[in-house]
Amino acid sequence: MTAHSSAVILRTAPPVAWVTLNRPERGNACSTELVQGLEDALDRAEQSGARALVLQGSCRHFCTGFDLSGLDNETDDSLLARFTRLELLLQRVARAPLLTVAIAQSRAIGAGADLFTACDVRMACANAHFAFPGARGFGLVLGSRRLAARVGDAVATAWIANATTIDAASATATGLATHLVNDPAQAASLVETLLLERASTDGADTATLRSALEPHACDHDAHDLARLVRSAARPGLRERIAAYAGLRNTPTSPT
């Protein structure tokens, strides 16, 4: 079964729900519609009884970040609301009661890199590269703890502070990516293999395992949200983003 929104395509092929970010003209950047589409896709995947949800980008990129094509129409308050909804989405992906898989090709930048990081299985195609520019670029704290949990505090700090671009090999070597693959087709085949391996084991279900591994998850999520809100609520958010992205006269995505 396939369900469409203009920004997200969901195809259910039990036991997998395949979710495609579908804004290729904007590098699959995170618009309000795309974030809502991902929320809806998670609802449908969980209701369908899927055991895994796979995120991928249409056409060239995985996700080029937070979409700011309409920055002229934004205010500090509207941007704060959008970033808050994005953090809540990332938390939901990280706590989903099913295996979450991201397949990243080409650019996974900013919010796109955060979405990749939130998933359980993180497949980097050979041409993928990642960056976390928000803190250095415009003072936004988003996804930092989740990144540190993947790669360690020292590496995460260096990457965030320097807005480092990370290639696929480095992402795999540090733990940002769990698998290095040639292309999305190989990644899709690997998803099937991983599910077969999981089916042959006698482990706890995903939700129970998450609770056991991170018993203070609710506290962590609350702290993450509070840090984001504090960083985004400083007056001048829109101006900081515009200055970073060069958007004052020609609005485009900052990533």
# chains A, B, ... in the order shown; residues from 1 in each chain; ligands from 1

call {"tool": "residues_around", "arguments": {"residues": "range 224-233 of chain A", "least_positions_apart": "3", "cutoff": "10 Å", "atoms": "only C-alpha atoms", "output": "list in words"}}
result
Asp76, Asp77, Leu79, Leu80, Ala81, Phe83, Thr84, Arg85, Glu87, Leu88, Gln91, Ala135, Phe138, Gly139, Leu140, Val141, Leu142, Gly143, Ser144, Arg145, Arg146, Cys218, Asp219, His220, Asp221, Gly236, Leu237 and Arg238 of chain A

call {"tool": "select_by_dssp", "arguments": {"residues": "range 132-205 of chain A", "states": "strand (DSSP E)", "output": "PyMOL selection string"}}
result
chain A and resi 166-167+179-181

call {"tool": "residues_around", "arguments": {"residues": "range 117-128 of chain A", "least_positions_apart": "2", "cutoff": "8 Å", "atoms": "only C-alpha atoms", "output": "ChimeraX atom specification"}}
result
/A:90-91,93-94,99-108,113-115,130,146-147,150,167-169,171-172,176-184,187

call {"tool": "closest_residue", "arguments": {"among": "A:Leu86, A:Val191, A:Ile160, A:Val151", "to": "Ala17 in chain A", "atoms": "only C-alpha atoms"}}
result
A:Val191

call {"tool": "atom_distance", "arguments": {"atom1": "CA of Asp43 in chain A", "atom2": "CA of Glu192 in chain A"}}
result
22.0 Å

call {"tool": "atom_distance", "arguments": {"atom1": "CA of Ala111 in chain A", "atom2": "CA of Gly65 in chain A"}}
result
4.4 Å

call {"tool": "atom_distance", "arguments": {"atom1": "CA of Arg11 in chain A", "atom2": "CA of Ala41 in chain A"}}
result
9.3 Å

call {"tool": "residues_around", "arguments": {"residues": "Asn28 in chain A", "least_positions_apart": "3", "cutoff": "10 Å", "atoms": "only C-alpha atoms", "output": "compact mmCIF listing (two decimals) with C-alpha atoms, in the first residue's frame"}}
result
# COMPACT_ATOMS: atom_id res chain seq x y z
CA ALA A 7 6.10 16.11 0.85
CA VAL A 8 6.24 12.49 2.05
CA THR A 20 10.46 8.80 1.19
CA LEU A 21 11.12 12.50 1.78
CA ASN A 22 9.66 13.95 -1.40
CA ARG A 23 10.75 17.56 -1.88
CA PRO A 24 13.57 17.10 -4.42
CA GLU A 25 13.26 20.68 -5.66
CA SER A 31 9.32 22.27 5.67
CA LEU A 34 7.34 17.55 5.49
CA GLN A 56 15.17 7.80 2.47
CA GLY A 57 15.28 10.86 0.25
CA SER A 58 13.92 11.18 -3.26
CA CYS A 59 16.31 11.95 -6.10
CA ARG A 60 19.75 13.26 -5.20
CA HIS A 61 19.86 14.09 -1.47
CA PHE A 62 18.68 12.60 1.82
CA CYS A 63 17.74 15.89 3.50
CA THR A 64 19.46 19.26 3.20
CA GLY A 65 18.24 20.67 6.50
CA PHE A 66 15.61 23.05 7.81
CA ASP A 67 13.76 24.69 4.93
CA ARG A 107 23.75 15.61 1.54
CA ALA A 108 22.43 15.03 5.07
CA GLY A 112 18.72 16.14 7.93

call {"tool": "select_by_dssp", "arguments": {"residues": "range 42-143 of chain A", "states": "alpha helix (DSSP H)", "output": "ChimeraX atom specification"}}
result
/A:42-48,76-94,111-118,134-138
